[in-house]
>>> print(open('my_file18.cif').read())   # mmCIF, C-alpha atoms and all ligand atoms
data_structure
#
loop_
_atom_site.label_atom_id
_atom_site.label_comp_id
_atom_site.auth_asym_id
_atom_site.auth_seq_id
_atom_site.Cartn_x
_atom_site.Cartn_y
_atom_site.Cartn_z
CA MET A 6 -90.93 117.47 136.89
CA ASN A 7 -87.57 119.21 137.16
CA SER A 8 -84.42 117.09 136.98
CA TYR A 9 -83.49 117.47 140.66
CA ASN A 10 -86.92 116.27 141.76
CA LYS A 11 -86.45 113.05 139.81
CA LEU A 12 -83.85 112.03 142.40
CA ARG A 13 -85.82 113.22 145.43
CA PRO A 14 -88.61 111.55 147.38
CA ARG A 15 -91.97 112.39 145.92
CA VAL A 16 -93.83 115.01 147.94
CA ASP A 17 -96.30 116.45 145.44
CA ILE A 18 -99.06 113.93 146.05
CA GLU A 19 -102.33 114.78 144.37
CA LYS A 20 -104.82 113.46 146.88
CA CYS A 21 -108.44 112.65 146.16
CA THR A 22 -110.68 115.19 147.87
CA CYS A 23 -114.01 113.75 146.72
CA LYS A 24 -116.70 113.75 149.44
CA SER A 25 -117.01 109.98 149.25
CA VAL A 26 -115.22 107.24 147.35
CA SER A 27 -117.40 105.35 144.89
CA SER A 28 -114.98 103.30 142.80
CA LEU A 29 -111.24 102.76 142.55
CA ILE A 30 -108.68 102.49 139.77
CA LEU A 31 -105.49 100.50 140.12
CA VAL A 32 -103.07 102.41 137.93
CA ASP A 33 -99.42 103.39 137.59
CA LEU A 34 -99.40 107.18 137.17
CA LEU A 35 -95.69 107.38 138.04
CA THR A 36 -96.44 107.98 141.72
CA ASP A 37 -95.77 105.78 144.76
CA ASN A 38 -99.35 104.62 145.22
CA PRO A 39 -101.39 102.86 142.51
CA ILE A 40 -104.77 103.28 144.26
CA HIS A 41 -106.62 106.11 142.59
CA CYS A 42 -110.14 107.51 142.66
CA PHE A 43 -112.38 106.47 139.76
CA ASN A 44 -113.97 109.91 139.83
CA CYS A 45 -111.06 112.37 140.08
CA LYS A 46 -108.13 109.99 139.28
CA ASN A 47 -106.13 111.31 142.25
CA GLU A 48 -104.50 109.13 144.89
CA ILE A 49 -106.28 107.57 147.84
CA ASP A 50 -104.35 106.47 150.91
CA PRO A 51 -104.94 102.74 151.65
CA ALA A 52 -105.49 103.52 155.35
CA ILE A 53 -108.51 105.69 154.51
CA LEU A 54 -110.06 102.73 152.69
CA THR A 55 -109.38 100.47 155.71
CA LEU A 56 -108.05 97.74 153.42
CA GLN A 57 -106.74 94.60 155.07
CA LYS A 58 -102.96 94.67 155.36
CA PRO A 59 -102.30 91.43 153.41
CA LEU A 60 -104.17 92.94 150.46
CA VAL A 61 -102.14 96.16 150.73
CA ASP A 62 -98.96 94.04 150.70
CA GLU A 63 -100.16 92.24 147.57
CA ILE A 64 -100.91 95.55 145.88
CA ALA A 65 -97.43 96.84 146.76
CA SER A 66 -95.82 93.68 145.42
CA TRP A 67 -97.80 93.73 142.17
CA PHE A 68 -97.07 97.46 141.79
CA ARG A 69 -93.30 96.97 142.05
CA SER A 70 -93.35 94.56 139.11
CA TYR A 71 -95.69 96.75 137.10
CA GLN A 72 -93.53 99.85 137.73
CA ALA A 73 -90.43 97.96 136.64
CA LEU A 74 -91.98 96.95 133.30
CA TYR A 75 -93.53 100.36 132.77
CA ALA A 76 -90.19 102.07 133.45
CA LEU A 77 -88.44 99.79 130.95
CA TRP A 78 -91.07 100.62 128.34
CA LEU A 79 -90.86 104.37 129.02
CA ASP A 80 -87.08 104.28 128.84
CA SER A 81 -87.33 103.26 125.14
CA GLY A 82 -84.04 101.42 125.35
CA GLU A 83 -82.98 97.84 124.86
CA TYR A 84 -85.84 96.44 126.96
CA GLU A 85 -88.69 98.48 125.49
CA SER A 86 -90.14 95.81 123.21
CA TYR A 87 -89.81 93.14 125.91
CA ALA A 88 -91.67 95.35 128.40
CA ARG A 89 -94.35 96.31 125.89
CA ALA A 90 -95.02 92.67 125.05
CA LYS A 91 -95.34 91.80 128.74
CA LEU A 92 -97.64 94.74 129.45
CA PHE A 93 -99.95 93.64 126.63
CA ASP A 94 -99.85 89.93 127.45
CA LYS A 95 -103.10 88.89 129.07
CA HIS A 96 -101.40 85.70 130.29
CA GLY A 97 -98.53 87.71 131.79
CA GLN A 98 -97.98 87.97 135.53
CA VAL A 99 -98.62 91.73 135.98
CA ASN A 100 -101.92 91.55 134.14
CA ILE A 101 -103.17 88.37 135.81
CA GLU A 102 -102.23 89.83 139.21
CA GLY A 103 -103.67 93.25 138.36
CA ILE A 104 -107.06 91.75 137.50
CA ARG A 105 -106.99 89.50 140.55
CA ILE A 106 -106.22 92.42 142.87
CA ALA A 107 -108.89 94.63 141.27
CA LYS A 108 -111.39 91.82 141.95
CA GLN A 109 -110.28 91.60 145.58
CA LEU A 110 -110.41 95.38 146.00
CA SER A 111 -113.94 95.26 144.61
CA GLN A 112 -115.03 93.58 147.84
CA TYR A 113 -114.50 97.06 149.34
CA TYR A 114 -115.26 99.36 146.39
CA PRO A 115 -115.95 98.53 142.73
CA SER A 116 -112.44 98.60 141.26
CA TYR A 117 -110.80 98.57 137.87
CA TYR A 118 -107.34 97.62 136.76
CA TRP A 119 -106.03 100.16 134.26
CA TRP A 120 -104.75 98.11 131.34
CA PHE A 121 -101.65 99.25 129.50
CA PHE A 122 -102.30 101.36 126.42
CA ASP A 123 -99.78 102.92 124.06
CA VAL A 124 -101.15 106.19 122.64
CA ASP A 125 -99.37 105.41 119.36
CA ASP A 126 -101.75 102.46 118.86
CA ASP A 127 -105.38 102.53 117.71
CA GLU A 128 -107.89 102.97 120.51
CA PRO A 129 -109.24 99.58 121.56
CA SER A 130 -112.99 98.94 121.31
CA GLN A 131 -112.82 95.51 122.94
CA CYS A 132 -111.76 94.35 126.39
CA PRO A 133 -108.13 93.15 126.15
CA ASN A 134 -108.96 90.19 128.38
CA CYS A 135 -112.35 88.82 127.23
CA ASN A 136 -112.78 90.64 123.88
CA ASN A 137 -116.28 91.86 124.74
CA LYS A 138 -117.18 95.39 123.70
CA LEU A 139 -115.91 98.05 126.08
CA ASP A 140 -118.39 100.23 127.95
CA HIS A 141 -117.41 103.77 126.99
CA LYS A 142 -119.32 105.43 129.83
CA VAL A 143 -116.12 106.37 131.66
CA LYS A 144 -114.69 109.67 132.81
CA HIS A 145 -111.06 108.61 132.46
CA GLY A 146 -109.61 106.26 129.87
CA ILE A 147 -111.33 104.83 126.80
CA GLY A 148 -113.68 102.21 128.18
CA LYS A 149 -114.24 99.58 130.85
CA CYS A 150 -115.20 95.94 131.17
CA ASP A 151 -117.18 95.27 134.34
CA ALA A 152 -116.84 91.50 134.00
CA CYS A 153 -113.03 91.66 133.99
CA HIS A 154 -112.64 94.74 136.25
CA ILE A 155 -110.59 96.37 133.50
CA LEU A 156 -110.34 99.97 132.40
CA VAL A 157 -108.38 100.83 129.26
ZN ZN B 201 -111.62 111.52 144.05
ZN ZN B 202 -113.47 91.81 129.78
#
>>> encode(input="my_file18.cif", output="structure tokens")
Amino acid sequence: MNSYNKLRPRVDIEKCTCKSVSSLILVDLLTDNPIHCFNCKNEIDPAILTLQKPLVDEIASWFRSYQALYALWLDSGEYESYARAKLFDKHGQVNIEGIRIAKQLSQYYPSYYWWFFDVDDDEPSQCPNCNNKLDHKVKHGIGKCDACHILV
């Protein structure tokens, strides 16, 4: 992204163009919408999914907190280690809420909450929430846990 665009509203939305939506990922890919297609990883507008508005509000609220932590981690400044610890904490608010929302979204489409992963760390083989072995049959990410609705 060029420097000027960093201070402009985002217009380059990569929309999902799959014929039908099978599953969803809840993930911060530095865009304005955390609802992405499990298949192509591009964004899906919440109106297309006909989600109930209270759920959309909850997603927006969770996403604001997640974005804030993620931005602090990316910034690599004074708050980096604080943000990293919170993003990894399975008892932390963003993760508890992320899992809860992925479960609610799954009433519409099977959904996964993309758990924070730092590429400098070893790839996890276990679910960060329940410690069961991850299912590596995924197109994006390292593995998933169906019981916890988590994708890493
Ligand atoms: Zn798609
Ligand atoms: Zn799990």
>>> residues_near_ligand(input="my_file18.cif", ligand="ligand ZN 201 (chain B)", cutoff="10 Å", atoms="all atoms listed in the file", output="MDAnalysis selection string")
chainID A and resid 19:29 41:49
>>> atom_distance(input="my_file18.cif", atom1="atom CA of A:Pro115", atom2="atom CA of A:Val16")
28.1 Å
>>> residues_around(input="my_file18.cif", residues="A:Arg89", least_positions_apart="4", cutoff="12 Å", atoms="all atoms listed in the file", output="list in words")
Tyr71, Ala73, Leu74, Tyr75, Ala76, Leu77, Trp78, Leu79, Asp80, Ser81, Gly82, Glu83, Tyr84, Glu85, Phe93, Asp94, Lys95, Gly97, Val99, Trp120, Phe121, Phe122, Asp123 and Asp126 of chain A
>>> atom_distance(input="my_file18.cif", atom1="atom CA of A:Ser111", atom2="atom CA of A:Ala88")
27.5 Å
>>> closest_residue(input="my_file18.cif", among="A:Cys153, A:Ile106, A:Ala52, A:Val124", to="A:Asn137", atoms="all atoms listed in the file")
A:Cys153
>>> residues_near_ligand(input="my_file18.cif", ligand="ligand ZN 202 (chain B)", cutoff="7 Å", atoms="all atoms listed in the file", output="mmCIF file with C-alpha atoms, in the coordinates of the input")
data_model
loop_
_atom_site.group_PDB
_atom_site.id
_atom_site.type_symbol
_atom_site.label_atom_id
_atom_site.label_comp_id
_atom_site.auth_asym_id
_atom_site.auth_seq_id
_atom_site.Cartn_x
_atom_site.Cartn_y
_atom_site.Cartn_z
ATOM 1 C CA CYS A 132 -111.760 94.350 126.390
ATOM 2 C CA PRO A 133 -108.130 93.150 126.150
ATOM 3 C CA ASN A 134 -108.960 90.190 128.380
ATOM 4 C CA CYS A 135 -112.350 88.820 127.230
ATOM 5 C CA ASN A 136 -112.780 90.640 123.880
ATOM 6 C CA ASN A 137 -116.280 91.860 124.740
ATOM 7 C CA CYS A 150 -115.200 95.940 131.170
ATOM 8 C CA ASP A 151 -117.180 95.270 134.340
ATOM 9 C CA ALA A 152 -116.840 91.500 134.000
ATOM 10 C CA CYS A 153 -113.030 91.660 133.990
ATOM 11 C CA ILE A 155 -110.590 96.370 133.500
#
>>> atom_distance(input="my_file18.cif", atom1="atom CA of A:Ile147", atom2="atom CA of A:Val32")
14.1 Å
>>> closest_residue(input="my_file18.cif", among="A:Met6, A:Leu156, A:Ile18, A:Leu34", to="A:Ile104", atoms="only C-alpha atoms")
A:Leu156
>>> residues_around(input="my_file18.cif", residues="A:Gly146", least_positions_apart="3", cutoff="9 Å", atoms="only C-alpha atoms", output="count of residues only")
6
>>> closest_residue(input="my_file18.cif", among="A:Leu110, A:Asn7, A:His96, A:Tyr117", to="A:Pro51", atoms="only C-alpha atoms")
A:Leu110
>>> closest_residue(input="my_file18.cif", among="A:Leu35, A:Leu60, A:Leu12, A:Ile53", to="A:Ala107", atoms="only C-alpha atoms")
A:Leu60
>>> closest_residue(input="my_file18.cif", among="A:Glu102, A:Ile40, A:Arg13, A:Asp33", to="A:Ser66", atoms="all atoms listed in the file")
A:Glu102
>>> closest_residue(input="my_file18.cif", among="A:Tyr113, A:Phe68, A:Tyr9, A:Tyr87", to="A:Leu54", atoms="all atoms listed in the file")
A:Tyr113
>>> build_atoms(input="my_file18.cif", residues="stretch 63-74 of chain A", atoms="all heavy atoms", output="PDB file, in the coordinates of the input")
ATOM      1  N   GLU A  63    -100.061  92.799 148.923  1.00  0.00           N
ATOM      2  CA  GLU A  63    -100.160  92.240 147.570  1.00  0.00           C
ATOM      3  C   GLU A  63    -100.168  93.337 146.519  1.00  0.00           C
ATOM      4  O   GLU A  63     -99.571  93.198 145.453  1.00  0.00           O
ATOM      5  CB  GLU A  63    -101.448  91.412 147.433  1.00  0.00           C
ATOM      6  CG  GLU A  63    -101.362  90.050 148.074  1.00  0.00           C
ATOM      7  CD  GLU A  63    -102.638  89.268 147.869  1.00  0.00           C
ATOM      8  OE1 GLU A  63    -103.061  89.122 146.712  1.00  0.00           O
ATOM      9  OE2 GLU A  63    -103.223  88.829 148.873  1.00  0.00           O
ATOM     10  N   ILE A  64    -100.868  94.421 146.819  1.00  0.00           N
ATOM     11  CA  ILE A  64    -100.910  95.550 145.880  1.00  0.00           C
ATOM     12  C   ILE A  64     -99.507  96.119 145.702  1.00  0.00           C
ATOM     13  O   ILE A  64     -99.065  96.369 144.581  1.00  0.00           O
ATOM     14  CB  ILE A  64    -101.883  96.649 146.383  1.00  0.00           C
ATOM     15  CG1 ILE A  64    -103.321  96.127 146.366  1.00  0.00           C
ATOM     16  CG2 ILE A  64    -101.765  97.903 145.520  1.00  0.00           C
ATOM     17  CD1 ILE A  64    -104.329  97.036 147.061  1.00  0.00           C
ATOM     18  N   ALA A  65     -98.787  96.286 146.816  1.00  0.00           N
ATOM     19  CA  ALA A  65     -97.430  96.840 146.760  1.00  0.00           C
ATOM     20  C   ALA A  65     -96.511  95.937 145.940  1.00  0.00           C
ATOM     21  O   ALA A  65     -95.700  96.409 145.136  1.00  0.00           O
ATOM     22  CB  ALA A  65     -96.889  97.028 148.168  1.00  0.00           C
ATOM     23  N   SER A  66     -96.660  94.631 146.128  1.00  0.00           N
ATOM     24  CA  SER A  66     -95.820  93.680 145.420  1.00  0.00           C
ATOM     25  C   SER A  66     -96.125  93.683 143.921  1.00  0.00           C
ATOM     26  O   SER A  66     -95.212  93.736 143.078  1.00  0.00           O
ATOM     27  CB  SER A  66     -96.041  92.295 146.044  1.00  0.00           C
ATOM     28  OG  SER A  66     -95.547  91.305 145.214  1.00  0.00           O
ATOM     29  N   TRP A  67     -97.415  93.650 143.586  1.00  0.00           N
ATOM     30  CA  TRP A  67     -97.800  93.730 142.170  1.00  0.00           C
ATOM     31  C   TRP A  67     -97.281  95.029 141.564  1.00  0.00           C
ATOM     32  O   TRP A  67     -96.755  95.051 140.449  1.00  0.00           O
ATOM     33  CB  TRP A  67     -99.333  93.676 142.034  1.00  0.00           C
ATOM     34  CG  TRP A  67     -99.779  94.237 140.724  1.00  0.00           C
ATOM     35  CD1 TRP A  67     -99.795  93.605 139.518  1.00  0.00           C
ATOM     36  CD2 TRP A  67    -100.207  95.594 140.476  1.00  0.00           C
ATOM     37  NE1 TRP A  67    -100.198  94.473 138.527  1.00  0.00           N
ATOM     38  CE2 TRP A  67    -100.459  95.700 139.096  1.00  0.00           C
ATOM     39  CE3 TRP A  67    -100.393  96.707 141.278  1.00  0.00           C
ATOM     40  CZ2 TRP A  67    -100.901  96.882 138.503  1.00  0.00           C
ATOM     41  CZ3 TRP A  67    -100.826  97.897 140.692  1.00  0.00           C
ATOM     42  CH2 TRP A  67    -101.076  97.969 139.323  1.00  0.00           C
ATOM     43  N   PHE A  68     -97.419  96.135 142.312  1.00  0.00           N
ATOM     44  CA  PHE A  68     -97.070  97.460 141.790  1.00  0.00           C
ATOM     45  C   PHE A  68     -95.576  97.555 141.476  1.00  0.00           C
ATOM     46  O   PHE A  68     -95.184  98.167 140.482  1.00  0.00           O
ATOM     47  CB  PHE A  68     -97.500  98.534 142.789  1.00  0.00           C
ATOM     48  CG  PHE A  68     -97.427  99.935 142.241  1.00  0.00           C
ATOM     49  CD1 PHE A  68     -97.900 100.227 140.973  1.00  0.00           C
ATOM     50  CD2 PHE A  68     -96.895 100.966 143.005  1.00  0.00           C
ATOM     51  CE1 PHE A  68     -97.846 101.521 140.469  1.00  0.00           C
ATOM     52  CE2 PHE A  68     -96.832 102.263 142.511  1.00  0.00           C
ATOM     53  CZ  PHE A  68     -97.304 102.544 141.242  1.00  0.00           C
ATOM     54  N   ARG A  69     -94.737  96.939 142.310  1.00  0.00           N
ATOM     55  CA  ARG A  69     -93.300  96.970 142.050  1.00  0.00           C
ATOM     56  C   ARG A  69     -92.970  96.349 140.698  1.00  0.00           C
ATOM     57  O   ARG A  69     -92.174  96.873 139.926  1.00  0.00           O
ATOM     58  CB  ARG A  69     -92.524  96.256 143.164  1.00  0.00           C
ATOM     59  CG  ARG A  69     -92.136  97.175 144.308  1.00  0.00           C
ATOM     60  CD  ARG A  69     -91.095  96.521 145.208  1.00  0.00           C
ATOM     61  NE  ARG A  69     -91.604  95.309 145.848  1.00  0.00           N
ATOM     62  CZ  ARG A  69     -92.316  95.293 146.968  1.00  0.00           C
ATOM     63  NH1 ARG A  69     -92.594  96.429 147.572  1.00  0.00           N
ATOM     64  NH2 ARG A  69     -92.751  94.174 147.484  1.00  0.00           N
ATOM     65  N   SER A  70     -93.601  95.210 140.406  1.00  0.00           N
ATOM     66  CA  SER A  70     -93.350  94.560 139.110  1.00  0.00           C
ATOM     67  C   SER A  70     -93.885  95.405 137.962  1.00  0.00           C
ATOM     68  O   SER A  70     -93.243  95.542 136.922  1.00  0.00           O
ATOM     69  CB  SER A  70     -94.033  93.188 139.063  1.00  0.00           C
ATOM     70  OG  SER A  70     -93.568  92.394 140.107  1.00  0.00           O
ATOM     71  N   TYR A  71     -95.090  95.943 138.165  1.00  0.00           N
ATOM     72  CA  TYR A  71     -95.690  96.750 137.100  1.00  0.00           C
ATOM     73  C   TYR A  71     -94.815  97.975 136.812  1.00  0.00           C
ATOM     74  O   TYR A  71     -94.527  98.292 135.657  1.00  0.00           O
ATOM     75  CB  TYR A  71     -97.110  97.197 137.478  1.00  0.00           C
ATOM     76  CG  TYR A  71     -97.837  97.798 136.295  1.00  0.00           C
ATOM     77  CD1 TYR A  71     -98.729  97.029 135.543  1.00  0.00           C
ATOM     78  CD2 TYR A  71     -97.598  99.112 135.898  1.00  0.00           C
ATOM     79  CE1 TYR A  71     -99.367  97.566 134.435  1.00  0.00           C
ATOM     80  CE2 TYR A  71     -98.220  99.653 134.794  1.00  0.00           C
ATOM     81  CZ  TYR A  71     -99.112  98.876 134.069  1.00  0.00           C
ATOM     82  OH  TYR A  71     -99.734  99.401 132.959  1.00  0.00           O
ATOM     83  N   GLN A  72     -94.375  98.650 137.887  1.00  0.00           N
ATOM     84  CA  GLN A  72     -93.530  99.850 137.730  1.00  0.00           C
ATOM     85  C   GLN A  72     -92.248  99.537 136.980  1.00  0.00           C
ATOM     86  O   GLN A  72     -91.783 100.333 136.167  1.00  0.00           O
ATOM     87  CB  GLN A  72     -93.157 100.413 139.106  1.00  0.00           C
ATOM     88  CG  GLN A  72     -94.237 101.208 139.787  1.00  0.00           C
ATOM     89  CD  GLN A  72     -93.764 101.703 141.143  1.00  0.00           C
ATOM     90  OE1 GLN A  72     -93.346 100.906 141.978  1.00  0.00           O
ATOM     91  NE2 GLN A  72     -93.824 102.993 141.358  1.00  0.00           N
ATOM     92  N   ALA A  73     -91.684  98.352 137.279  1.00  0.00           N
ATOM     93  CA  ALA A  73     -90.430  97.960 136.640  1.00  0.00           C
ATOM     94  C   ALA A  73     -90.640  97.826 135.127  1.00  0.00           C
ATOM     95  O   ALA A  73     -89.875  98.380 134.330  1.00  0.00           O
ATOM     96  CB  ALA A  73     -89.928  96.642 137.228  1.00  0.00           C
ATOM     97  N   LEU A  74     -91.700  97.121 134.723  1.00  0.00           N
ATOM     98  CA  LEU A  74     -91.980  96.950 133.300  1.00  0.00           C
ATOM     99  C   LEU A  74     -92.301  98.289 132.643  1.00  0.00           C
ATOM    100  O   LEU A  74     -91.834  98.590 131.547  1.00  0.00           O
ATOM    101  CB  LEU A  74     -93.160  95.992 133.094  1.00  0.00           C
ATOM    102  CG  LEU A  74     -92.884  94.508 133.257  1.00  0.00           C
ATOM    103  CD1 LEU A  74     -94.174  93.729 133.067  1.00  0.00           C
ATOM    104  CD2 LEU A  74     -91.826  94.027 132.262  1.00  0.00           C
TER     105      LEU A  74
END
